[in-house]
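The file upload07.cif contains mmCIF, C-alpha atoms:
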data_coords
#
loop_
_atom_site.label_atom_id
_atom_site.label_comp_id
_atom_site.auth_asym_id
_atom_site.auth_seq_id
_atom_site.Cartn_x
_atom_site.Cartn_y
_atom_site.Cartn_z
CA MET A 131 31.57 49.70 -35.87
CA GLU A 132 34.90 47.94 -35.66
CA SER A 133 33.59 44.83 -34.02
CA GLN A 134 30.89 43.99 -36.57
CA ASN A 135 33.37 44.48 -39.41
CA LYS A 136 35.71 42.04 -37.79
CA LEU A 137 32.77 39.69 -37.27
CA ALA A 138 31.79 39.97 -40.93
CA GLU A 139 35.34 39.30 -42.03
CA SER A 140 35.56 36.18 -39.90
CA ILE A 141 32.19 34.96 -41.18
CA ARG A 142 33.47 35.41 -44.69
CA GLY A 143 36.64 33.54 -43.76
CA HIS A 144 34.73 30.61 -42.31
CA HIS A 145 31.93 30.75 -44.89
CA GLU A 146 31.95 27.08 -45.81
CA GLY A 147 32.30 25.89 -42.25
CA ILE A 148 29.39 27.99 -41.02
CA LEU A 149 27.25 26.99 -43.98
CA LYS A 150 27.91 23.32 -43.30
CA GLU A 151 27.09 23.62 -39.64
CA TRP A 152 23.95 25.67 -40.35
CA VAL A 153 22.63 23.26 -42.97
CA ASP A 154 23.40 20.33 -40.70
CA THR A 155 21.43 22.00 -37.91
CA GLN A 156 18.52 22.50 -40.26
CA LEU A 157 18.70 18.96 -41.53
CA THR A 158 18.58 17.48 -38.05
CA ALA A 159 15.92 19.89 -36.74
CA PRO A 160 12.43 18.44 -36.13
CA THR A 161 11.00 21.16 -38.35
CA LEU A 162 12.68 19.80 -41.47
CA ARG A 163 10.13 19.38 -44.28
CA LEU A 164 11.82 17.42 -47.04
CA ASP A 165 8.34 16.56 -48.29
CA LEU A 166 7.77 20.23 -49.14
CA MET A 167 11.27 21.24 -50.18
CA LYS A 168 14.32 19.50 -51.63
CA GLU A 169 17.61 19.35 -49.72
CA SER A 170 19.56 20.92 -52.60
CA GLU A 171 17.11 23.81 -52.63
CA LEU A 172 17.60 24.33 -48.91
CA ARG A 173 21.40 24.35 -49.41
CA ASP A 174 21.15 26.94 -52.19
CA GLU A 175 18.87 29.14 -50.13
CA SER A 176 21.15 28.92 -47.11
CA ARG A 177 24.24 29.71 -49.15
CA GLU A 178 22.66 32.75 -50.77
CA PHE A 179 21.34 34.08 -47.50
CA LEU A 180 24.70 33.69 -45.74
CA THR A 181 26.47 35.57 -48.56
CA LEU A 182 23.94 38.42 -48.42
CA PHE A 183 24.04 38.46 -44.62
CA CYS A 184 27.82 38.69 -44.56
CA HIS A 185 27.83 41.36 -47.22
CA ALA A 186 25.31 43.53 -45.38
CA LEU A 187 27.02 43.09 -42.01
CA ILE A 188 30.22 44.78 -43.27
CA GLY A 189 28.33 48.08 -43.54
CA THR A 190 26.16 48.14 -40.45
CA SER A 191 24.52 45.89 -37.93
CA ASP A 192 21.25 47.86 -37.98
CA PRO A 193 18.72 45.76 -39.95
CA GLY A 194 16.69 48.90 -40.71
CA ALA A 195 19.55 50.35 -42.77
CA PRO A 196 19.40 50.35 -46.59
CA ALA A 197 22.41 48.01 -46.73
CA TRP A 198 20.13 45.23 -45.50
CA LYS A 199 17.53 45.70 -48.22
CA ALA A 200 18.88 42.91 -50.45
CA THR A 201 18.86 40.49 -47.50
CA LYS A 202 15.32 41.43 -46.58
CA ASP A 203 14.12 41.10 -50.17
CA PHE A 204 15.62 37.65 -50.24
CA LEU A 205 13.84 36.80 -46.97
CA ALA A 206 10.58 38.08 -48.42
CA GLN A 207 11.04 35.71 -51.31
CA VAL A 208 11.80 32.83 -48.91
CA ALA A 209 8.75 33.66 -46.79
CA LYS A 210 6.50 33.80 -49.83
CA SER A 211 7.64 30.54 -51.35
CA ARG A 212 7.33 28.78 -47.98
CA ALA A 213 3.88 30.23 -47.34
CA LEU A 214 2.74 28.94 -50.72
CA ARG A 215 4.18 25.50 -50.03
CA GLY A 216 2.36 25.29 -46.73
CA PHE A 217 5.17 25.71 -44.21
CA SER A 218 4.07 26.71 -40.71
CA PRO A 219 5.40 29.95 -39.21
CA TYR A 220 7.53 27.87 -36.80
CA GLU A 221 9.11 25.92 -39.65
CA THR A 222 9.77 29.07 -41.63
CA ALA A 223 11.34 30.92 -38.70
CA THR A 224 13.64 27.99 -37.93
CA PHE A 225 15.44 28.71 -41.20
CA ILE A 226 16.80 31.97 -39.71
CA PHE A 227 17.02 31.10 -36.06
CA SER A 228 19.02 27.93 -36.66
CA LEU A 229 21.82 30.12 -38.00
CA LYS A 230 22.42 31.36 -34.43
CA GLN A 231 24.11 28.20 -33.26
CA ALA A 232 26.72 28.27 -36.03
CA LEU A 233 27.39 32.00 -35.65
CA PHE A 234 27.67 31.82 -31.86
CA GLY A 235 30.20 29.04 -32.25
CA LEU A 236 32.20 31.23 -34.59
CA ALA A 237 32.06 34.21 -32.22
CA GLY A 238 33.41 31.93 -29.51
CA THR A 239 36.40 30.81 -31.59
CA VAL A 240 37.19 34.34 -32.81
CA ASN A 241 37.12 35.88 -29.34
CA LYS A 242 39.26 33.35 -27.57
CA ASP A 243 40.19 35.90 -24.96
CA GLY A 244 36.51 36.62 -24.34
CA LYS A 245 36.97 40.39 -24.51
CA ASN A 246 34.44 41.24 -27.20
CA LEU A 247 32.45 38.05 -26.90
CA PHE A 248 29.46 39.66 -25.22
CA THR A 249 29.24 42.52 -27.72
CA ASP A 250 29.47 40.18 -30.68
CA LEU A 251 26.87 37.81 -29.31
CA TRP A 252 24.52 40.67 -28.57
CA THR A 253 24.93 42.10 -32.08
CA LEU A 254 24.26 38.72 -33.67
CA THR A 255 21.30 37.94 -31.46
CA GLN A 256 19.64 41.24 -32.16
CA LEU A 257 20.23 40.93 -35.88
CA ILE A 258 19.01 37.40 -36.27
CA ASP A 259 16.00 37.97 -34.03
CA SER A 260 14.88 40.96 -36.01
CA LEU A 261 15.41 39.18 -39.32
CA GLY A 262 13.56 36.16 -38.00
CA LEU A 263 10.61 38.22 -36.84
CA TYR A 264 10.60 40.00 -40.17
CA THR A 265 10.35 36.65 -41.93
CA ILE A 266 7.52 35.48 -39.68
CA GLU A 267 5.61 38.65 -40.31
CA LEU A 268 5.97 38.31 -44.06
CA HIS A 269 5.04 34.66 -43.89
CA GLN A 270 1.90 35.57 -41.98
CA LYS A 271 1.06 38.29 -44.45
CA ASN A 272 1.44 35.92 -47.37
CA ARG A 273 -0.80 33.37 -45.70
CA GLU A 274 -3.43 36.04 -45.14
CA GLU A 275 -3.24 37.06 -48.76
CA ILE A 276 -3.80 33.48 -49.81
CA ILE A 277 -6.82 33.22 -47.52
CA GLN A 278 -8.24 36.45 -48.84
CA ARG A 279 -7.84 35.37 -52.42
CA GLN A 280 -9.53 32.07 -51.68
CA GLN A 281 -12.42 33.87 -50.02
CA GLN A 282 -12.82 36.00 -53.10
CA GLU A 283 -12.79 32.94 -55.32
CA LEU A 284 -15.36 31.21 -53.12
CA LEU A 285 -17.55 34.25 -53.33
CA GLU A 286 -17.49 34.17 -57.09
CA LEU A 287 -18.01 30.45 -57.31
CA SER A 288 -20.81 30.04 -54.89
CA THR A 289 -23.70 32.03 -56.29
CA PRO A 290 -25.09 30.46 -59.44
CA VAL A 291 -28.53 31.51 -60.61
CA VAL A 292 -30.14 28.78 -62.70
CA GLN A 293 -33.21 28.86 -64.86
CA LEU A 294 -35.49 25.93 -64.01
CA TYR A 295 -38.20 26.62 -66.52
CA GLU A 296 -39.68 29.41 -68.53
CA ASN A 297 -40.16 32.37 -66.17
CA ILE A 298 -38.77 30.45 -63.19
CA LEU A 299 -35.34 31.01 -61.68
CA ALA A 300 -33.68 29.14 -58.83
CA LEU A 301 -30.91 30.30 -56.54
CA PRO A 302 -29.42 27.43 -54.56
CA LEU A 303 -27.54 29.01 -51.67
CA ILE A 304 -24.68 27.08 -50.10
CA GLY A 305 -22.68 28.23 -47.10
CA THR A 306 -23.07 31.06 -44.65
CA LEU A 307 -24.62 34.32 -45.77
CA ASP A 308 -22.81 37.49 -44.75
CA SER A 309 -23.37 41.04 -45.93
CA ALA A 310 -20.80 40.98 -48.72
CA ARG A 311 -22.12 37.72 -50.08
CA THR A 312 -25.75 38.78 -49.85
CA GLN A 313 -24.92 41.83 -51.93
CA ILE A 314 -23.46 39.67 -54.70
CA VAL A 315 -26.29 37.15 -54.45
CA MET A 316 -28.85 39.93 -54.65
CA GLU A 317 -27.20 41.61 -57.62
CA SER A 318 -26.76 38.45 -59.65
CA LEU A 319 -30.32 37.32 -58.92
CA LEU A 320 -31.85 40.68 -59.91
CA GLU A 321 -29.76 40.88 -63.06
CA ARG A 322 -30.82 37.41 -64.10
CA ILE A 323 -34.45 38.30 -63.42
CA VAL A 324 -34.18 41.19 -65.88
CA GLU A 325 -32.25 39.09 -68.40
CA THR A 326 -34.69 36.18 -68.44
CA GLY A 327 -37.87 38.08 -67.66
CA SER A 328 -38.67 35.58 -64.94
CA ILE A 329 -41.57 36.28 -62.63
CA ILE A 330 -40.72 33.77 -59.93
CA ALA A 331 -37.42 33.16 -58.17
CA ILE A 332 -36.93 30.24 -55.81
CA ILE A 333 -34.29 30.81 -53.15
CA ASP A 334 -33.22 27.43 -51.84
CA ILE A 335 -31.48 27.52 -48.48
CA THR A 336 -30.90 23.78 -48.04
CA GLY A 337 -27.15 24.43 -48.04
CA VAL A 338 -27.21 27.27 -45.53
CA PRO A 339 -25.99 25.76 -42.25
CA THR A 340 -27.53 28.25 -39.83
CA VAL A 341 -30.06 31.01 -40.10
CA ASP A 342 -29.77 33.80 -37.55
CA THR A 343 -31.51 37.15 -37.51
CA LEU A 344 -28.87 38.68 -39.76
CA VAL A 345 -29.15 35.98 -42.41
CA ALA A 346 -32.94 36.19 -42.26
CA GLN A 347 -32.75 39.93 -42.70
CA HIS A 348 -30.49 39.52 -45.73
CA LEU A 349 -32.93 37.03 -47.23
CA LEU A 350 -35.86 39.34 -46.65
CA LYS A 351 -33.96 42.20 -48.31
CA THR A 352 -33.36 40.08 -51.39
CA VAL A 353 -37.03 39.12 -51.49
CA ALA A 354 -38.09 42.76 -51.12
CA ALA A 355 -35.77 43.91 -53.92
CA ALA A 356 -37.05 41.19 -56.26
CA ARG A 357 -40.62 42.15 -55.42
CA LEU A 358 -39.90 45.78 -56.26
CA MET A 359 -38.84 44.66 -59.70
CA GLY A 360 -41.99 42.66 -60.14
CA ALA A 361 -40.81 39.14 -59.40
CA ASP A 362 -42.07 36.95 -56.58
CA CYS A 363 -39.71 34.96 -54.39
CA ILE A 364 -40.25 31.60 -52.77
CA ILE A 365 -37.90 30.48 -50.02
CA SER A 366 -37.46 26.72 -49.99
CA GLY A 367 -35.31 24.10 -48.35
CA ILE A 368 -36.07 25.11 -44.80
CA ARG A 369 -34.94 22.33 -42.51
CA PRO A 370 -36.91 21.51 -39.34
CA GLN A 371 -34.26 22.97 -37.01
CA ILE A 372 -34.12 26.13 -39.06
CA ALA A 373 -37.89 26.51 -38.95
CA GLN A 374 -37.65 26.25 -35.17
CA THR A 375 -34.86 28.81 -34.98
CA ILE A 376 -36.72 31.26 -37.21
CA VAL A 377 -39.81 31.14 -35.02
CA HIS A 378 -37.80 31.34 -31.79
CA LEU A 379 -35.92 34.36 -33.09
CA GLY A 380 -39.21 36.04 -33.93
CA VAL A 381 -38.27 36.58 -37.58
CA ASN A 382 -41.30 37.59 -39.58
CA LEU A 383 -41.53 35.53 -42.76
CA ASN A 384 -45.29 36.01 -43.15
CA ASP A 385 -45.04 38.04 -46.34
CA VAL A 386 -42.89 35.45 -48.07
CA ILE A 387 -43.98 32.15 -49.52
CA THR A 388 -42.00 29.42 -47.81
CA LYS A 389 -41.82 25.77 -48.77
CA ALA A 390 -40.07 22.81 -47.20
CA THR A 391 -38.46 21.50 -50.36
CA LEU A 392 -37.37 22.81 -53.71
CA ALA A 393 -39.80 20.40 -55.40
CA ASP A 394 -42.77 21.94 -53.58
CA ALA A 395 -41.60 25.42 -54.47
CA PHE A 396 -41.16 24.44 -58.11
CA LEU A 397 -44.70 23.07 -58.20
CA VAL A 398 -46.09 26.35 -56.85
CA ALA A 399 -44.01 28.29 -59.35
CA LEU A 400 -45.34 26.17 -62.22
CA GLN A 401 -48.91 26.76 -61.10
CA ARG A 402 -48.28 30.48 -60.78
CA THR A 403 -46.81 30.79 -64.26
CA GLY A 404 -49.56 28.60 -65.68
CA ALA A 405 -47.01 26.17 -67.08
CA ASN A 406 -47.86 22.56 -67.68
CA LEU A 407 -45.26 19.84 -67.77
CA GLY A 408 -47.64 17.46 -69.49
CA LYS A 409 -47.58 14.62 -67.00
CA PRO A 410 -50.07 14.65 -64.17
CA LEU A 411 -48.76 13.95 -60.70
CA ALA A 412 -49.29 10.45 -59.37
CA PRO A 413 -52.16 10.52 -56.87
CA LYS A 414 -50.99 10.35 -53.29
CA LYS A 415 -51.76 7.14 -51.43
CA ASP A 416 -52.56 7.58 -47.78
CA MET B 65 -41.72 73.87 -67.05
CA GLU B 66 -40.60 70.30 -67.43
CA ARG B 67 -43.34 67.74 -66.97
CA ILE B 68 -43.63 64.00 -67.17
CA PRO B 69 -46.23 63.13 -69.82
CA ILE B 70 -49.30 61.12 -68.86
CA LEU B 71 -50.82 59.13 -71.72
CA LYS B 72 -54.33 57.74 -71.74
CA MET B 73 -54.99 54.28 -73.20
CA GLY B 74 -58.62 53.39 -72.70
CA LYS B 75 -59.20 53.12 -68.99
CA VAL B 76 -55.50 53.05 -68.24
CA LEU B 77 -53.13 55.97 -67.68
CA LEU B 78 -49.54 55.41 -68.75
CA VAL B 79 -46.76 57.33 -67.06
CA THR B 80 -43.27 56.90 -68.45
CA VAL B 81 -40.43 58.43 -66.51
CA GLN B 82 -37.79 59.07 -69.20
CA VAL B 83 -35.61 61.55 -67.33
CA ASP B 84 -33.95 61.52 -63.97
CA MET B 85 -36.53 62.55 -61.42
CA HIS B 86 -35.82 65.51 -59.26
CA ASP B 87 -37.93 66.56 -56.33
CA ARG B 88 -39.98 69.24 -58.07
CA LEU B 89 -40.71 66.95 -61.01
CA ALA B 90 -42.00 64.26 -58.66
CA MET B 91 -44.28 66.74 -56.88
CA THR B 92 -45.66 67.94 -60.23
CA LEU B 93 -46.25 64.36 -61.33
CA GLN B 94 -48.14 63.69 -58.10
CA ASP B 95 -50.47 66.66 -58.75
CA ASP B 96 -50.91 65.92 -62.46
CA LEU B 97 -51.56 62.22 -62.05
CA THR B 98 -54.13 62.53 -59.25
CA ALA B 99 -55.96 65.21 -61.25
CA ARG B 100 -55.94 63.08 -64.42
CA ILE B 101 -57.21 59.97 -62.62
CA VAL B 102 -60.23 61.92 -61.37
CA LYS B 103 -60.79 63.68 -64.68
CA ASP B 104 -60.50 60.61 -66.92
CA HIS B 105 -62.14 58.14 -64.52
CA ALA B 106 -59.11 55.90 -64.95
CA HIS B 107 -59.28 52.39 -63.54
CA GLY B 108 -55.63 51.60 -63.92
CA VAL B 109 -52.29 53.37 -63.75
CA LEU B 110 -49.04 52.04 -65.15
CA ILE B 111 -45.86 53.77 -64.02
CA ASP B 112 -42.84 52.78 -66.10
CA ILE B 113 -39.56 53.60 -64.38
CA SER B 114 -37.26 51.49 -66.57
CA SER B 115 -35.23 54.57 -67.52
CA LEU B 116 -34.83 55.70 -63.94
CA GLU B 117 -31.24 55.08 -62.89
CA VAL B 118 -30.83 57.13 -59.75
CA VAL B 119 -33.14 57.29 -56.76
CA ASP B 120 -32.84 58.85 -53.34
CA SER B 121 -35.07 58.35 -50.34
CA PHE B 122 -37.39 61.19 -51.37
CA ILE B 123 -37.99 59.89 -54.90
CA GLY B 124 -38.41 56.39 -53.50
CA ARG B 125 -41.04 57.59 -51.09
CA MET B 126 -42.74 59.62 -53.83
CA ILE B 127 -43.03 56.57 -56.07
CA GLY B 128 -44.70 54.71 -53.21
CA ASN B 129 -46.93 57.68 -52.37
CA ILE B 130 -48.05 58.23 -55.96
CA ALA B 131 -48.93 54.56 -56.30
CA ASN B 132 -50.86 54.60 -53.03
CA MET B 133 -52.70 57.82 -53.95
CA ALA B 134 -53.80 56.29 -57.25
CA ARG B 135 -55.10 53.30 -55.34
CA VAL B 136 -57.06 55.52 -52.98
CA LEU B 137 -58.66 57.06 -56.07
CA ASP B 138 -59.74 53.54 -57.05
CA ALA B 139 -57.23 53.02 -59.84
CA ASP B 140 -55.13 49.86 -59.74
CA THR B 141 -51.50 50.85 -59.95
CA VAL B 142 -48.55 48.87 -61.21
CA VAL B 143 -44.97 50.08 -61.08
CA VAL B 144 -43.00 48.39 -63.85
CA GLY B 145 -39.42 47.98 -65.00
CA MET B 146 -37.52 48.90 -61.88
CA ARG B 147 -33.80 48.35 -62.41
CA PRO B 148 -31.82 46.03 -60.11
CA ALA B 149 -29.64 48.86 -58.81
CA VAL B 150 -32.69 50.95 -57.99
CA ALA B 151 -34.39 48.03 -56.26
CA ILE B 152 -31.31 47.36 -54.12
CA THR B 153 -31.01 51.03 -53.22
CA LEU B 154 -34.64 51.25 -52.15
CA VAL B 155 -34.36 48.13 -50.00
CA GLU B 156 -31.17 49.42 -48.39
CA LEU B 157 -32.97 52.68 -47.68
CA GLY B 158 -35.68 50.66 -45.94
CA LEU B 159 -38.29 51.54 -48.56
CA SER B 160 -39.73 48.24 -49.70
CA LEU B 161 -42.92 50.01 -50.88
CA PRO B 162 -45.48 47.73 -49.24
CA GLY B 163 -48.82 47.67 -51.00
CA VAL B 164 -47.40 48.73 -54.35
CA ARG B 165 -47.85 46.21 -57.14
CA THR B 166 -44.89 45.67 -59.41
CA ALA B 167 -44.17 43.98 -62.72
CA LEU B 168 -41.05 43.28 -64.73
CA ASN B 169 -41.99 45.19 -67.89
CA VAL B 170 -44.83 47.11 -69.50
CA ASP B 171 -46.14 43.94 -71.16
CA LYS B 172 -46.56 42.11 -67.88
CA GLY B 173 -47.88 45.25 -66.20
CA VAL B 174 -50.62 45.71 -68.80
CA GLU B 175 -51.54 42.03 -68.45
CA MET B 176 -51.81 42.48 -64.70
CA LEU B 177 -54.03 45.54 -65.07
CA LYS B 178 -56.23 43.76 -67.60
CA GLY B 179 -56.69 40.90 -65.16
CA SER B 180 -57.67 43.14 -62.30
CA MET B 181 -60.00 45.17 -64.52
CA GLU B 182 -61.76 42.02 -65.69
CA GLN B 183 -62.17 41.04 -62.07
CA ARG B 184 -63.58 44.45 -61.33
CA ALA B 185 -66.03 44.14 -64.27
CA SER B 186 -67.27 40.74 -63.14
CA ALA B 187 -67.64 41.99 -59.57
CA ASN B 188 -69.69 44.93 -60.84
CA GLY B 189 -71.76 42.51 -62.88
CA HIS B 190 -72.54 40.53 -59.74
CA ALA B 191 -73.41 43.69 -57.88
CA THR B 192 -75.91 44.91 -60.49
CA ARG B 193 -77.59 41.56 -60.89
#
Give the structure from this file in structure tokens form.
Amino acid sequence: MESQNKLAESIRGHHEGILKEWVDTQLTAPTLRLDLMKESELRDESREFLTLFCHALIGTSDPGAPAWKATKDFLAQVAKSRALRGFSPYETATFIFSLKQALFGLAGTVNKDGKNLFTDLWTLTQLIDSLGLYTIELHQKNREEIIQRQQQELLELSTPVVQLYENILALPLIGTLDSARTQIVMESLLERIVETGSIIAIIDITGVPTVDTLVAQHLLKTVAAARLMGADCIISGIRPQIAQTIVHLGVNLNDVITKATLADAFLVALQRTGANLGKPLAPKKD
Amino acid sequence: MERIPILKMGKVLLVTVQVDMHDRLAMTLQDDLTARIVKDHAHGVLIDISSLEVVDSFIGRMIGNIANMARVLDADTVVVGMRPAVAITLVELGLSLPGVRTALNVDKGVEMLKGSMEQRASANGHATR
């Protein structure tokens, strides 16, 4: 109890000196990212953290105690802003860990006789390690949140259902199909079928990089659901490699109309709906 | 007892499910419809389920069964107006109702039945000639 109070007092006494040494360490470290953060900002952050750190240390050296809440909240803020700016976990953690050097130097000068040196060093090491790990964890969490949000945004962006012609819908799929995405694709397709009264939907999989059994199953489910509502589906945009994979996997696409290109599928759809675009196709020359 | 009405329009029987189907109701419909097809010599059956919001595996199977029974009795059957949520549920339940014809709405269903009845008439014409 005594020792950490004395430590806190001496940190307060040498506040400016420690701050200068700490900031200098950060500025010379290889993890410095002046492209992502201004030097003045780094100084302000360091100063605020050191004040909070010193303040909390007077009460207790246990980082789980309520006295440390303000410090941790500040660290959470630091972790979040750095995660958003694109700092790596290493670069973020250096902010805390680089404080060690300055504090160890101080502990050395305070305990000239070396009596309490070990205790002080141990207290500081434990504290800074736990705060550092806390920051890394928060940083990681923030990054994960960003990734999750982006996934959600991608999900919403990537499933447009377009009307090609009267009674004909097209669903150009881009990217990998997983269960969550198939659900959204299926729902938006079926809703548009009801809305537009379309009788044919073309599912174009040109932009789907790989088709495995799971993706095929998802596609077949969508086709089956559309059929139940009274609309036929055509799957188009099957690339040669994908055709090979489908057959090798033993996926049964016999009940579904498949076409190589969207143009072929559109032609079939036009014939099915009895539509006429007015211009006859140029005769093929062999 | 509650029953689902069966309307006769020429050679077509029209079944409109306006309430949520429960098991007993579906069984009654199965009995009523098969009896009416035989009695009225119907050539087509149109089952409109556009008001049906909730299905379970039993009702899903019953819809398929009723449609197949009507077909066995030589009446073309079209199930029309299935809602997206119902369609997704049935597919997830593994009931994709193979062999059941479907249409988006009553209009398109009637058109479909007309087409198949014309085909039937011309086939009969060939047979008698």
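Restricting the calculation to only C-alpha atoms, the smallest distance between Lys199 (chain A) and any of A:Asp342, A:Ala223, A:Glu175, A:Leu261 is found for A:Leu261.
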Could you tell me which residues the PyMOL selection byres ((chain B) within 6 of (chain A)) grabs in this file, written as a list of chain:residue names?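 Taken over the shown coordinates, the PyMOL selection byres ((chain B) within 6 of (chain A)) returns B:Met146, B:Pro148, B:Ala151, B:Ile152, B:Val155, B:Ser160, B:Thr166, B:Ala167, B:Leu168.
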Within 12 Å of file point (-58.7, 62.8, -63.3), counting only C-alpha atoms, expressed as a count of residues only: 25
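Closest approach to His86 (chain B) among B:Val118, B:Ala187, B:Met65, B:Leu110: B:Val118, based on all atoms listed in the file.
Straight-line separation from CA of Arg215 (chain A) to CA of Leu268 (chain A): 14.2 Å.
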Evaluate the PyMOL selection byres ((chain B and resi 89) around 12) here and jot the selected residues down as an MDAnalysis selection string. chainID B and resid 65:69 81:88 90:97 122:123 126:127
Take the point (29.0, 32.5, -39.4) as written in the file and pick out every residue within 9 Å of it, counting all atoms listed in the file; give the list as JSON, numbers by chain. {"A": [137, 138, 140, 141, 142, 143, 144, 145, 146, 147, 148, 149, 152, 180, 184, 229, 230, 231, 232, 233, 234, 235, 236, 237]}
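Rounded to one decimal, CA of Met167 (chain A) and CA of Ala206 (chain A) lie 16.9 Å from each other.
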Can you list, as a PyMOL selection string, every protein, DNA or RNA residue that comes within 10 Å of Ala159 (chain A) when you count all atoms listed in the file, leaving out same-chain residues fewer than 5 positions away? chain A and resi 153-154+221+224-225+228
For a test of reading the model, state the distance in Å between CA of Arg163 (chain A) and CA of Ser218 (chain A), rounded to one decimal. 10.2 Å
Among the residues B:Gly74, B:Gly189, B:Gly124, B:Gly145, the one that comes closest to Ile111 (chain B) [using all atoms listed in the file]: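 Of the candidates, the smallest distance to Ile111 (chain B) is held by B:Gly145.
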